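Okay, target-v6.pdb now, which holds PDB, C-alpha atoms:
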```
ATOM      1  CA  ILE W 207    -107.717  38.197  12.622  1.00  0.00           C
ATOM      2  CA  THR W 208    -104.995  37.495  15.158  1.00  0.00           C
ATOM      3  CA  GLY W 209    -104.159  34.079  16.564  1.00  0.00           C
ATOM      4  CA  GLY W 210    -102.176  34.128  19.791  1.00  0.00           C
ATOM      5  CA  SER W 211    -100.327  31.610  21.909  1.00  0.00           C
ATOM      6  CA  SER W 212    -103.289  29.262  22.293  1.00  0.00           C
ATOM      7  CA  GLY W 213    -102.433  27.520  18.999  1.00  0.00           C
ATOM      8  CA  ASP W 214    -104.253  26.936  15.748  1.00  0.00           C
ATOM      9  CA  VAL W 215    -107.604  28.301  14.772  1.00  0.00           C
ATOM     10  CA  ILE W 216    -108.870  25.738  12.291  1.00  0.00           C
ATOM     11  CA  VAL W 217    -112.310  24.925  10.938  1.00  0.00           C
ATOM     12  CA  THR W 218    -113.133  21.215  10.811  1.00  0.00           C
ATOM     13  CA  GLY W 219    -116.166  19.730   9.106  1.00  0.00           C
ATOM     14  CA  ASN W 220    -117.642  16.394   8.143  1.00  0.00           C
ATOM     15  CA  GLY W 221    -119.116  17.698   4.884  1.00  0.00           C
ATOM     16  CA  PRO W 222    -120.482  18.718   2.621  1.00  0.00           C
ATOM     17  CA  ASP W 223    -118.302  21.760   1.778  1.00  0.00           C
ATOM     18  CA  LEU W 224    -115.956  24.275   3.419  1.00  0.00           C
ATOM     19  CA  THR W 225    -115.579  27.567   1.521  1.00  0.00           C
ATOM     20  CA  PHE W 226    -113.478  30.585   2.461  1.00  0.00           C
ATOM     21  CA  GLY W 227    -114.093  33.376  -0.038  1.00  0.00           C
ATOM     22  CA  THR W 228    -115.120  33.172  -3.686  1.00  0.00           C
ATOM     23  CA  ALA W 229    -113.708  34.504  -6.953  1.00  0.00           C
ATOM     24  CA  ASP W 230    -115.985  37.559  -6.599  1.00  0.00           C
ATOM     25  CA  ASP W 231    -115.676  38.024  -2.845  1.00  0.00           C
ATOM     26  CA  GLY W 232    -112.434  36.521  -1.569  1.00  0.00           C
ATOM     27  CA  LEU W 233    -110.700  37.045   1.742  1.00  0.00           C
ATOM     28  CA  SER W 234    -108.836  40.331   2.082  1.00  0.00           C
ATOM     29  CA  GLY W 235    -107.023  42.284   4.774  1.00  0.00           C
ATOM     30  CA  THR W 236    -104.395  41.067   7.219  1.00  0.00           C
ATOM     31  CA  ILE W 237    -104.139  37.759   9.052  1.00  0.00           C
ATOM     32  CA  ASN W 238    -101.468  37.303  11.736  1.00  0.00           C
ATOM     33  CA  ALA W 239    -101.175  33.853  13.326  1.00  0.00           C
ATOM     34  CA  THR W 240     -98.352  33.870  15.833  1.00  0.00           C
ATOM     35  CA  ASN W 241     -98.700  30.207  16.767  1.00  0.00           C
ATOM     36  CA  GLY W 242    -100.607  28.437  14.036  1.00  0.00           C
ATOM     37  CA  TYR W 243    -101.943  28.478  10.479  1.00  0.00           C
ATOM     38  CA  GLY W 244    -102.992  31.657   8.738  1.00  0.00           C
ATOM     39  CA  ILE W 245    -106.056  29.945   7.231  1.00  0.00           C
ATOM     40  CA  GLY W 246    -106.816  26.333   8.124  1.00  0.00           C
ATOM     41  CA  ALA W 247    -109.566  24.094   6.754  1.00  0.00           C
ATOM     42  CA  ARG W 248    -109.986  20.372   7.299  1.00  0.00           C
ATOM     43  CA  THR W 249    -112.831  18.026   6.459  1.00  0.00           C
ATOM     44  CA  ASN W 250    -113.227  14.452   7.667  1.00  0.00           C
ATOM     45  CA  GLY W 251    -116.052  13.673   5.254  1.00  0.00           C
ATOM     46  CA  SER W 252    -116.736  14.020   1.554  1.00  0.00           C
ATOM     47  CA  GLY W 253    -117.145  17.454   0.027  1.00  0.00           C
ATOM     48  CA  ASN W 254    -115.042  20.315  -1.251  1.00  0.00           C
ATOM     49  CA  ILE W 255    -112.620  22.773   0.307  1.00  0.00           C
ATOM     50  CA  GLY W 256    -112.335  26.139  -1.423  1.00  0.00           C
ATOM     51  CA  ILE W 257    -110.094  29.024  -0.312  1.00  0.00           C
ATOM     52  CA  THR W 258    -109.716  32.328  -2.169  1.00  0.00           C
ATOM     53  CA  THR W 259    -107.619  35.307  -1.083  1.00  0.00           C
ATOM     54  CA  LEU W 260    -107.524  38.645  -2.878  1.00  0.00           C
ATOM     55  CA  LEU W 261    -104.608  40.814  -4.007  1.00  0.00           C
ATOM     56  CA  ASN W 262    -104.805  43.051  -0.935  1.00  0.00           C
ATOM     57  CA  SER W 263    -104.605  40.123   1.495  1.00  0.00           C
ATOM     58  CA  SER W 264    -101.565  39.554   3.694  1.00  0.00           C
ATOM     59  CA  ILE W 265    -101.015  36.366   5.706  1.00  0.00           C
ATOM     60  CA  THR W 266     -98.270  35.931   8.287  1.00  0.00           C
ATOM     61  CA  ALA W 267     -98.168  32.601  10.116  1.00  0.00           C
ATOM     62  CA  SER W 268     -95.768  30.615  12.254  1.00  0.00           C
ATOM     63  CA  TYR W 269     -96.997  27.407  10.579  1.00  0.00           C
ATOM     64  CA  SER W 270     -98.347  27.240   7.024  1.00  0.00           C
ATOM     65  CA  GLY W 271     -99.957  30.340   5.555  1.00  0.00           C
ATOM     66  CA  ILE W 272    -102.852  28.385   4.000  1.00  0.00           C
ATOM     67  CA  TYR W 273    -103.616  24.812   5.045  1.00  0.00           C
ATOM     68  CA  ALA W 274    -106.354  22.695   3.426  1.00  0.00           C
ATOM     69  CA  HIS W 275    -106.770  18.997   4.251  1.00  0.00           C
ATOM     70  CA  ARG W 276    -109.342  16.473   3.048  1.00  0.00           C
ATOM     71  CA  ASN W 277    -109.175  13.359   5.211  1.00  0.00           C
ATOM     72  CA  GLY W 278    -112.536  11.740   4.620  1.00  0.00           C
ATOM     73  CA  GLY W 279    -112.269  10.020   1.249  1.00  0.00           C
ATOM     74  CA  GLY W 280    -115.315  10.152  -0.990  1.00  0.00           C
ATOM     75  CA  ALA W 281    -115.789  12.810  -3.632  1.00  0.00           C
ATOM     76  CA  GLY W 282    -114.477  16.327  -3.229  1.00  0.00           C
ATOM     77  CA  ASN W 283    -112.001  18.857  -4.553  1.00  0.00           C
ATOM     78  CA  ILE W 284    -109.472  21.141  -2.913  1.00  0.00           C
ATOM     79  CA  VAL W 285    -109.261  24.423  -4.818  1.00  0.00           C
ATOM     80  CA  ILE W 286    -107.055  27.267  -3.570  1.00  0.00           C
ATOM     81  CA  ASN W 287    -106.677  30.621  -5.315  1.00  0.00           C
ATOM     82  CA  ALA W 288    -104.216  32.922  -3.545  1.00  0.00           C
ATOM     83  CA  ALA W 289    -103.599  36.390  -4.953  1.00  0.00           C
ATOM     84  CA  GLY W 290    -101.952  38.174  -2.024  1.00  0.00           C
ATOM     85  CA  ALA W 291     -98.849  37.918   0.163  1.00  0.00           C
ATOM     86  CA  ILE W 292     -97.923  34.945   2.366  1.00  0.00           C
ATOM     87  CA  ASP W 293     -95.068  34.857   4.882  1.00  0.00           C
ATOM     88  CA  ALA W 294     -94.936  31.467   6.571  1.00  0.00           C
ATOM     89  CA  GLY W 295     -92.760  29.828   9.185  1.00  0.00           C
ATOM     90  CA  TRP W 296     -93.383  26.494   7.476  1.00  0.00           C
ATOM     91  CA  ASP W 297     -95.034  25.954   4.048  1.00  0.00           C
ATOM     92  CA  GLY W 298     -96.623  28.832   2.215  1.00  0.00           C
ATOM     93  CA  ILE W 299     -99.593  26.767   0.974  1.00  0.00           C
ATOM     94  CA  ASP W 300    -100.472  23.172   1.893  1.00  0.00           C
ATOM     95  CA  ALA W 301    -103.182  21.314  -0.032  1.00  0.00           C
ATOM     96  CA  LEU W 302    -103.557  17.667   0.972  1.00  0.00           C
ATOM     97  CA  ASN W 303    -106.028  14.929   0.112  1.00  0.00           C
ATOM     98  CA  SER W 304    -104.772  12.128   2.334  1.00  0.00           C
ATOM     99  CA  ASN W 305    -107.454   9.426   2.342  1.00  0.00           C
ATOM    100  CA  GLY W 306    -108.109   8.488  -1.273  1.00  0.00           C
ATOM    101  CA  GLY W 307    -111.414   9.303  -2.912  1.00  0.00           C
ATOM    102  CA  THR W 308    -112.039  11.272  -6.077  1.00  0.00           C
ATOM    103  CA  GLY W 309    -111.428  14.919  -6.828  1.00  0.00           C
ATOM    104  CA  VAL W 310    -108.657  17.295  -7.837  1.00  0.00           C
ATOM    105  CA  VAL W 311    -106.132  19.178  -5.745  1.00  0.00           C
ATOM    106  CA  SER W 312    -105.661  22.552  -7.410  1.00  0.00           C
ATOM    107  CA  VAL W 313    -103.560  25.551  -6.309  1.00  0.00           C
ATOM    108  CA  THR W 314    -103.245  28.793  -8.273  1.00  0.00           C
ATOM    109  CA  THR W 315    -101.374  31.898  -7.175  1.00  0.00           C
ATOM    110  CA  GLY W 316    -101.888  35.334  -8.698  1.00  0.00           C
ATOM    111  CA  SER W 317     -99.441  37.235 -10.868  1.00  0.00           C
ATOM    112  CA  GLN W 318     -98.715  39.753  -8.091  1.00  0.00           C
ATOM    113  CA  SER W 319     -98.704  37.228  -5.269  1.00  0.00           C
ATOM    114  CA  THR W 320     -95.640  36.569  -3.119  1.00  0.00           C
ATOM    115  CA  ILE W 321     -94.796  33.550  -1.008  1.00  0.00           C
ATOM    116  CA  ALA W 322     -91.929  33.573   1.478  1.00  0.00           C
ATOM    117  CA  SER W 323     -91.590  30.338   3.432  1.00  0.00           C
ATOM    118  CA  PHE W 324     -89.176  28.276   5.466  1.00  0.00           C
ATOM    119  CA  GLY W 325     -90.525  25.011   4.034  1.00  0.00           C
ATOM    120  CA  ASP W 326     -92.133  24.449   0.635  1.00  0.00           C
ATOM    121  CA  GLY W 327     -93.631  27.417  -1.134  1.00  0.00           C
ATOM    122  CA  THR W 328     -96.555  25.313  -2.361  1.00  0.00           C
ATOM    123  CA  TYR W 329     -97.086  21.683  -1.362  1.00  0.00           C
ATOM    124  CA  ALA W 330     -99.892  19.805  -3.143  1.00  0.00           C
ATOM    125  CA  TRP W 331    -100.569  16.100  -2.621  1.00  0.00           C
ATOM    126  CA  ASN W 332    -103.436  13.920  -3.780  1.00  0.00           C
ATOM    127  CA  SER W 333    -103.756  10.322  -2.621  1.00  0.00           C
ATOM    128  CA  GLY W 334    -106.974   9.912  -4.609  1.00  0.00           C
ATOM    129  CA  THR W 335    -107.661   9.707  -8.330  1.00  0.00           C
ATOM    130  CA  GLY W 336    -108.213  13.310  -9.389  1.00  0.00           C
ATOM    131  CA  GLY W 337    -104.655  14.531  -9.908  1.00  0.00           C
ATOM    132  CA  VAL W 338    -102.663  17.571  -8.830  1.00  0.00           C
ATOM    133  CA  PHE W 339    -102.646  20.913 -10.649  1.00  0.00           C
ATOM    134  CA  VAL W 340    -100.446  23.813  -9.523  1.00  0.00           C
ATOM    135  CA  THR W 341    -100.057  27.108 -11.347  1.00  0.00           C
ATOM    136  CA  GLY W 342     -97.631  29.556  -9.774  1.00  0.00           C
ATOM    137  CA  ASN W 343     -98.000  32.997 -11.323  1.00  0.00           C
ATOM    138  CA  GLY W 344     -96.259  34.971  -8.567  1.00  0.00           C
ATOM    139  CA  THR W 345     -92.855  34.843  -6.909  1.00  0.00           C
ATOM    140  CA  ILE W 346     -91.834  32.128  -4.471  1.00  0.00           C
ATOM    141  CA  ASN W 347     -88.915  32.233  -2.055  1.00  0.00           C
ATOM    142  CA  SER W 348     -88.418  29.084   0.021  1.00  0.00           C
ATOM    143  CA  SER W 349     -85.385  29.157   2.291  1.00  0.00           C
ATOM    144  CA  GLU W 350     -85.138  25.404   3.013  1.00  0.00           C
ATOM    145  CA  GLY W 351     -87.837  23.610   1.004  1.00  0.00           C
ATOM    146  CA  THR W 352     -89.079  23.152  -2.548  1.00  0.00           C
ATOM    147  CA  GLY W 353     -90.598  26.079  -4.416  1.00  0.00           C
ATOM    148  CA  ILE W 354     -93.479  24.040  -5.895  1.00  0.00           C
ATOM    149  CA  PHE W 355     -94.003  20.412  -4.904  1.00  0.00           C
ATOM    150  CA  GLY W 356     -96.731  18.252  -6.456  1.00  0.00           C
ATOM    151  CA  ARG W 357     -97.370  14.559  -5.773  1.00  0.00           C
ATOM    152  CA  SER W 358    -100.009  12.075  -6.919  1.00  0.00           C
ATOM    153  CA  SER W 359    -100.058   8.818  -4.963  1.00  0.00           C
ATOM    154  CA  GLY W 360    -103.392   7.423  -6.158  1.00  0.00           C
ATOM    155  CA  THR W 361    -103.955   4.676  -8.676  1.00  0.00           C
ATOM    156  CA  SER W 362    -104.595   7.368 -11.274  1.00  0.00           C
ATOM    157  CA  GLY W 363    -104.271  11.116 -11.513  1.00  0.00           C
ATOM    158  CA  GLU W 364    -101.729  13.293 -13.286  1.00  0.00           C
ATOM    159  CA  VAL W 365     -99.403  15.941 -11.910  1.00  0.00           C
ATOM    160  CA  GLN W 366     -99.304  19.216 -13.823  1.00  0.00           C
ATOM    161  CA  ILE W 367     -97.196  22.159 -12.666  1.00  0.00           C
ATOM    162  CA  VAL W 368     -96.989  25.510 -14.452  1.00  0.00           C
ATOM    163  CA  ALA W 369     -94.496  28.081 -13.158  1.00  0.00           C
ATOM    164  CA  ASN W 370     -94.922  31.578 -14.558  1.00  0.00           C
ATOM    165  CA  GLY W 371     -93.324  33.427 -11.624  1.00  0.00           C
ATOM    166  CA  ASN W 372     -89.719  33.362 -10.473  1.00  0.00           C
ATOM    167  CA  ILE W 373     -88.787  30.709  -7.908  1.00  0.00           C
ATOM    168  CA  THR W 374     -85.854  30.599  -5.487  1.00  0.00           C
ATOM    169  CA  ALA W 375     -85.612  27.614  -3.156  1.00  0.00           C
ATOM    170  CA  GLY W 376     -83.115  26.032  -0.800  1.00  0.00           C
ATOM    171  CA  GLY W 377     -84.163  22.569  -1.972  1.00  0.00           C
ATOM    172  CA  SER W 378     -85.533  21.994  -5.473  1.00  0.00           C
ATOM    173  CA  GLY W 379     -87.129  24.797  -7.416  1.00  0.00           C
ATOM    174  CA  ILE W 380     -89.914  22.585  -8.830  1.00  0.00           C
ATOM    175  CA  TYR W 381     -90.558  18.917  -8.135  1.00  0.00           C
ATOM    176  CA  GLY W 382     -93.423  16.776  -9.447  1.00  0.00           C
ATOM    177  CA  GLU W 383     -93.884  13.066  -8.910  1.00  0.00           C
ATOM    178  CA  ILE W 384     -96.219  10.117  -9.287  1.00  0.00           C
ATOM    179  CA  SER W 385     -95.418   7.612  -6.552  1.00  0.00           C
ATOM    180  CA  THR W 386     -97.748   4.684  -7.362  1.00  0.00           C
ATOM    181  CA  PRO W 387     -96.592   1.962  -9.811  1.00  0.00           C
ATOM    182  CA  SER W 388    -100.123   1.316 -11.129  1.00  0.00           C
ATOM    183  CA  ASN W 389    -100.670   4.985 -12.059  1.00  0.00           C
ATOM    184  CA  GLY W 390    -100.481   5.419 -15.834  1.00  0.00           C
ATOM    185  CA  ASP W 391    -100.893   9.200 -15.934  1.00  0.00           C
ATOM    186  CA  ASN W 392     -98.175  11.737 -16.679  1.00  0.00           C
ATOM    187  CA  VAL W 393     -96.049  14.270 -14.855  1.00  0.00           C
ATOM    188  CA  THR W 394     -95.952  17.498 -16.870  1.00  0.00           C
ATOM    189  CA  ILE W 395     -93.993  20.595 -15.841  1.00  0.00           C
ATOM    190  CA  PHE W 396     -93.993  23.912 -17.691  1.00  0.00           C
ATOM    191  CA  SER W 397     -91.168  26.141 -16.468  1.00  0.00           C
ATOM    192  CA  ASN W 398     -91.751  29.597 -17.964  1.00  0.00           C
ATOM    193  CA  SER W 399     -89.704  31.662 -15.493  1.00  0.00           C
ATOM    194  CA  ASN W 400     -86.392  31.831 -13.661  1.00  0.00           C
ATOM    195  CA  VAL W 401     -85.954  28.877 -11.293  1.00  0.00           C
ATOM    196  CA  THR W 402     -83.090  28.506  -8.836  1.00  0.00           C
ATOM    197  CA  GLY W 403     -82.777  25.566  -6.457  1.00  0.00           C
ATOM    198  CA  GLY W 404     -80.041  24.929  -3.934  1.00  0.00           C
ATOM    199  CA  PHE W 405     -80.395  21.205  -4.613  1.00  0.00           C
ATOM    200  CA  GLY W 406     -82.006  20.981  -8.049  1.00  0.00           C
ATOM    201  CA  GLY W 407     -83.704  23.250 -10.535  1.00  0.00           C
ATOM    202  CA  VAL W 408     -86.683  21.393 -12.065  1.00  0.00           C
ATOM    203  CA  ALA W 409     -87.346  17.675 -11.570  1.00  0.00           C
ATOM    204  CA  GLY W 410     -90.119  15.240 -12.468  1.00  0.00           C
ATOM    205  CA  THR W 411     -90.331  11.533 -11.664  1.00  0.00           C
ATOM    206  CA  THR W 412     -92.793   8.672 -11.918  1.00  0.00           C
ATOM    207  CA  VAL W 413     -92.710   5.068 -10.772  1.00  0.00           C
ATOM    208  CA  GLY W 414     -95.871   4.438 -12.789  1.00  0.00           C
ATOM    209  CA  THR W 415     -96.341   3.691 -16.456  1.00  0.00           C
ATOM    210  CA  GLY W 416     -96.811   7.230 -17.730  1.00  0.00           C
ATOM    211  CA  ASP W 417     -94.451   9.872 -19.077  1.00  0.00           C
ATOM    212  CA  VAL W 418     -92.458  12.715 -17.582  1.00  0.00           C
ATOM    213  CA  ASP W 419     -92.489  15.886 -19.694  1.00  0.00           C
ATOM    214  CA  ILE W 420     -90.542  18.999 -18.693  1.00  0.00           C
ATOM    215  CA  ILE W 421     -90.967  22.007 -20.950  1.00  0.00           C
ATOM    216  CA  ALA W 422     -88.808  25.112 -20.521  1.00  0.00           C
ATOM    217  CA  GLN W 423     -89.987  27.371 -23.319  1.00  0.00           C
ATOM    218  CA  ASN W 424     -89.323  31.024 -22.482  1.00  0.00           C
ATOM    219  CA  VAL W 425     -86.212  32.444 -24.122  1.00  0.00           C
ATOM    220  CA  GLY W 426     -84.073  34.392 -21.654  1.00  0.00           C
ATOM    221  CA  THR W 427     -85.130  32.529 -18.521  1.00  0.00           C
ATOM    222  CA  THR W 428     -82.632  30.599 -16.409  1.00  0.00           C
ATOM    223  CA  ILE W 429     -82.918  27.280 -14.582  1.00  0.00           C
ATOM    224  CA  SER W 430     -80.142  26.428 -12.152  1.00  0.00           C
ATOM    225  CA  GLY W 431     -79.576  23.863  -9.422  1.00  0.00           C
ATOM    226  CA  GLY W 432     -76.852  22.858  -7.030  1.00  0.00           C
ATOM    227  CA  HIS W 433     -76.941  19.422  -8.651  1.00  0.00           C
ATOM    228  CA  ASP W 434     -79.154  18.991 -11.728  1.00  0.00           C
ATOM    229  CA  GLY W 435     -80.637  21.888 -13.622  1.00  0.00           C
ATOM    230  CA  ILE W 436     -83.396  19.758 -15.187  1.00  0.00           C
ATOM    231  CA  PHE W 437     -83.965  16.121 -14.216  1.00  0.00           C
ATOM    232  CA  GLY W 438     -86.610  13.688 -15.427  1.00  0.00           C
ATOM    233  CA  HIS W 439     -86.989  10.002 -14.584  1.00  0.00           C
ATOM    234  CA  ALA W 440     -89.628   7.472 -15.627  1.00  0.00           C
ATOM    235  CA  THR W 441     -89.349   3.815 -14.652  1.00  0.00           C
ATOM    236  CA  SER W 442     -91.486   2.479 -17.513  1.00  0.00           C
TER     237      SER W 442
END
```
Once you've parsed the file, please lay out its structure as structure tokens.
Amino acid sequence: ITGGSSGDVIVTGNGPDLTFGTADDGLSGTINATNGYGIGARTNGSGNIGITTLLNSSITASYSGIYAHRNGGGAGNIVINAAGAIDAGWDGIDALNSNGGTGVVSVTTGSQSTIASFGDGTYAWNSGTGGVFVTGNGTINSSEGTGIFGRSSGTSGEVQIVANGNITAGGSGIYGEISTPSNGDNVTIFSNSNVTGGFGGVAGTTVGTGDVDIIAQNVGTTISGGHDGIFGHATS
């Protein structure tokens, strides 16, 4: 699939669901998008977005490699499973629920996956009440952004980030936050790999009433940052 100078090729729906590949039959092969997203999915109604790429997939895009956006509120999940290679001029993977509602935002990358990006390696944001769950099993190299970024801005919904693959980023290696004062859920980060950030290594913050837990539990791994190696802040 090749996208040329005419811009993005993006599928937009009003519900119920948008699905690209499944666990048994995901997307494979090569996608080159010279002026847009590698894979783009947006829904303006309720319903789910599901995107699965296999180990032999390769995505090269001038914008984000994978872009999934729920903008309709209501009930619905965003679930992305990416097992192959992504080379992106902006973010490697974007998963956004921007209009409230219920449902999780979940991103998982495979153990042999690679993400090379100018912006964030993985950016996951949920403005609803289902929380954000990111598991990075492969390597991430972000030249100017954050390796893994997770944000919950709803009235409830936790942020959980698990990093099992090495991360190198120009900004922070891993950053998780809850940005709503009424949110009582927790930010939890498991850093099981080497993480290097030009600004910070691993950081978690909440302005809500919950906790921030950062667990670095693998002996022999290194976390380093231009400022803080590990930083946690809870206002409550």
Q) Got a sec: who's within 12 Å of segment 370-376 of chain W, counting only C-alpha atoms, leaving out chain neighbours fewer than 6 positions off, as JSON, numbers by chain? A) {"W": [297, 314, 315, 316, 317, 318, 319, 320, 321, 322, 323, 324, 325, 326, 327, 328, 340, 341, 342, 343, 344, 345, 346, 347, 348, 349, 350, 351, 352, 353, 354, 355, 395, 396, 397, 398, 399, 400, 401, 402, 403, 404, 405, 406, 407, 408, 422, 423, 424, 427, 428, 429, 430, 431, 432, 433]}
**Q.** Neighbour list for Thr415 of chain W as a PyMOL selection string, cut-off 7 Å, all atoms listed in the file, skip fewer than 5 positions in-chain
**A.** chain W and resi 387-390+442
Q. Quick one: which residues end up in the PyMOL selection byres ((chain W and resi 242) around 7) for this structure, as a ChimeraX atom specification?
A. /W:213-214,239-241,243-244,267-269
Please evaluate the PyMOL selection byres ((chain W and resi 411) around 10) against the structure above and give the resulting residues as a short mmCIF file (atom, residue, chain, number, x, y, z; two decimals) with C-alpha atoms, keeping the file's coordinate frame.
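out-v1.cif was written with the following content:
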```cif
data_model
loop_
_atom_site.label_atom_id
_atom_site.label_comp_id
_atom_site.auth_asym_id
_atom_site.auth_seq_id
_atom_site.Cartn_x
_atom_site.Cartn_y
_atom_site.Cartn_z
CA ARG W 357 -97.37 14.56 -5.77
CA TYR W 381 -90.56 18.92 -8.14
CA GLY W 382 -93.42 16.78 -9.45
CA GLU W 383 -93.88 13.07 -8.91
CA ILE W 384 -96.22 10.12 -9.29
CA SER W 385 -95.42 7.61 -6.55
CA ASN W 392 -98.18 11.74 -16.68
CA VAL W 393 -96.05 14.27 -14.86
CA THR W 394 -95.95 17.50 -16.87
CA ALA W 409 -87.35 17.68 -11.57
CA GLY W 410 -90.12 15.24 -12.47
CA THR W 412 -92.79 8.67 -11.92
CA VAL W 413 -92.71 5.07 -10.77
CA GLY W 414 -95.87 4.44 -12.79
CA GLY W 416 -96.81 7.23 -17.73
CA ASP W 417 -94.45 9.87 -19.08
CA VAL W 418 -92.46 12.72 -17.58
CA ASP W 419 -92.49 15.89 -19.69
CA PHE W 437 -83.96 16.12 -14.22
CA GLY W 438 -86.61 13.69 -15.43
CA HIS W 439 -86.99 10.00 -14.58
CA ALA W 440 -89.63 7.47 -15.63
CA THR W 441 -89.35 3.82 -14.65
#
```
With 10 Å as the cut-off and only C-alpha atoms counted, what is the closest atom pair between each nearby residue of segment 266-381 of chain W and segment 250-258 of chain W? Distances in Å to one decimal, ordered by chain and number, as CSV.
```
residue,atom,partner,partner_atom,distance
W:Ile272,CA,W:Ile257,CA,8.5
W:Tyr273,CA,W:Ile257,CA,9.4
W:Ala274,CA,W:Ile255,CA,7.0
W:His275,CA,W:Ile255,CA,8.0
W:Arg276,CA,W:Asn250,CA,6.4
W:Asn277,CA,W:Asn250,CA,4.9
W:Gly278,CA,W:Gly251,CA,4.1
W:Gly279,CA,W:Ser252,CA,6.0
W:Gly280,CA,W:Ser252,CA,4.8
W:Ala281,CA,W:Ser252,CA,5.4
W:Gly282,CA,W:Gly253,CA,4.4
W:Asn283,CA,W:Asn254,CA,4.7
W:Ile284,CA,W:Ile255,CA,4.8
W:Val285,CA,W:Gly256,CA,4.9
W:Ile286,CA,W:Ile257,CA,4.8
W:Asn287,CA,W:Thr258,CA,4.7
W:Ala288,CA,W:Thr258,CA,5.7
W:Ala289,CA,W:Thr258,CA,7.9
W:Gly290,CA,W:Thr258,CA,9.7
W:Ala301,CA,W:Ile255,CA,9.6
W:Asn305,CA,W:Asn250,CA,9.3
W:Gly307,CA,W:Ser252,CA,8.4
W:Thr308,CA,W:Ser252,CA,9.4
W:Gly309,CA,W:Asn254,CA,8.6
W:Val310,CA,W:Asn254,CA,9.7
W:Val311,CA,W:Ile255,CA,9.6
W:Ser312,CA,W:Gly256,CA,9.7
W:Val313,CA,W:Ile257,CA,9.5
W:Thr314,CA,W:Thr258,CA,9.6
W:Thr315,CA,W:Thr258,CA,9.7
```
Take the residues from that selection and put them in a file with C-alpha atoms, as a CSV table (one decimal), keeping the file's coordinate frame.
```csv
chain,number,residue,atom,x,y,z
W,272,ILE,CA,-102.9,28.4,4.0
W,273,TYR,CA,-103.6,24.8,5.0
W,274,ALA,CA,-106.4,22.7,3.4
W,275,HIS,CA,-106.8,19.0,4.3
W,276,ARG,CA,-109.3,16.5,3.0
W,277,ASN,CA,-109.2,13.4,5.2
W,278,GLY,CA,-112.5,11.7,4.6
W,279,GLY,CA,-112.3,10.0,1.2
W,280,GLY,CA,-115.3,10.2,-1.0
W,281,ALA,CA,-115.8,12.8,-3.6
W,282,GLY,CA,-114.5,16.3,-3.2
W,283,ASN,CA,-112.0,18.9,-4.6
W,284,ILE,CA,-109.5,21.1,-2.9
W,285,VAL,CA,-109.3,24.4,-4.8
W,286,ILE,CA,-107.1,27.3,-3.6
W,287,ASN,CA,-106.7,30.6,-5.3
W,288,ALA,CA,-104.2,32.9,-3.5
W,289,ALA,CA,-103.6,36.4,-5.0
W,290,GLY,CA,-102.0,38.2,-2.0
W,301,ALA,CA,-103.2,21.3,0.0
W,305,ASN,CA,-107.5,9.4,2.3
W,307,GLY,CA,-111.4,9.3,-2.9
W,308,THR,CA,-112.0,11.3,-6.1
W,309,GLY,CA,-111.4,14.9,-6.8
W,310,VAL,CA,-108.7,17.3,-7.8
W,311,VAL,CA,-106.1,19.2,-5.7
W,312,SER,CA,-105.7,22.6,-7.4
W,313,VAL,CA,-103.6,25.6,-6.3
W,314,THR,CA,-103.2,28.8,-8.3
W,315,THR,CA,-101.4,31.9,-7.2
```
Q) What is the atom CA of Ser358 of chain W-atom CA of Tyr329 of chain W distance in Å, reported with one decimal? A) 11.5 Å
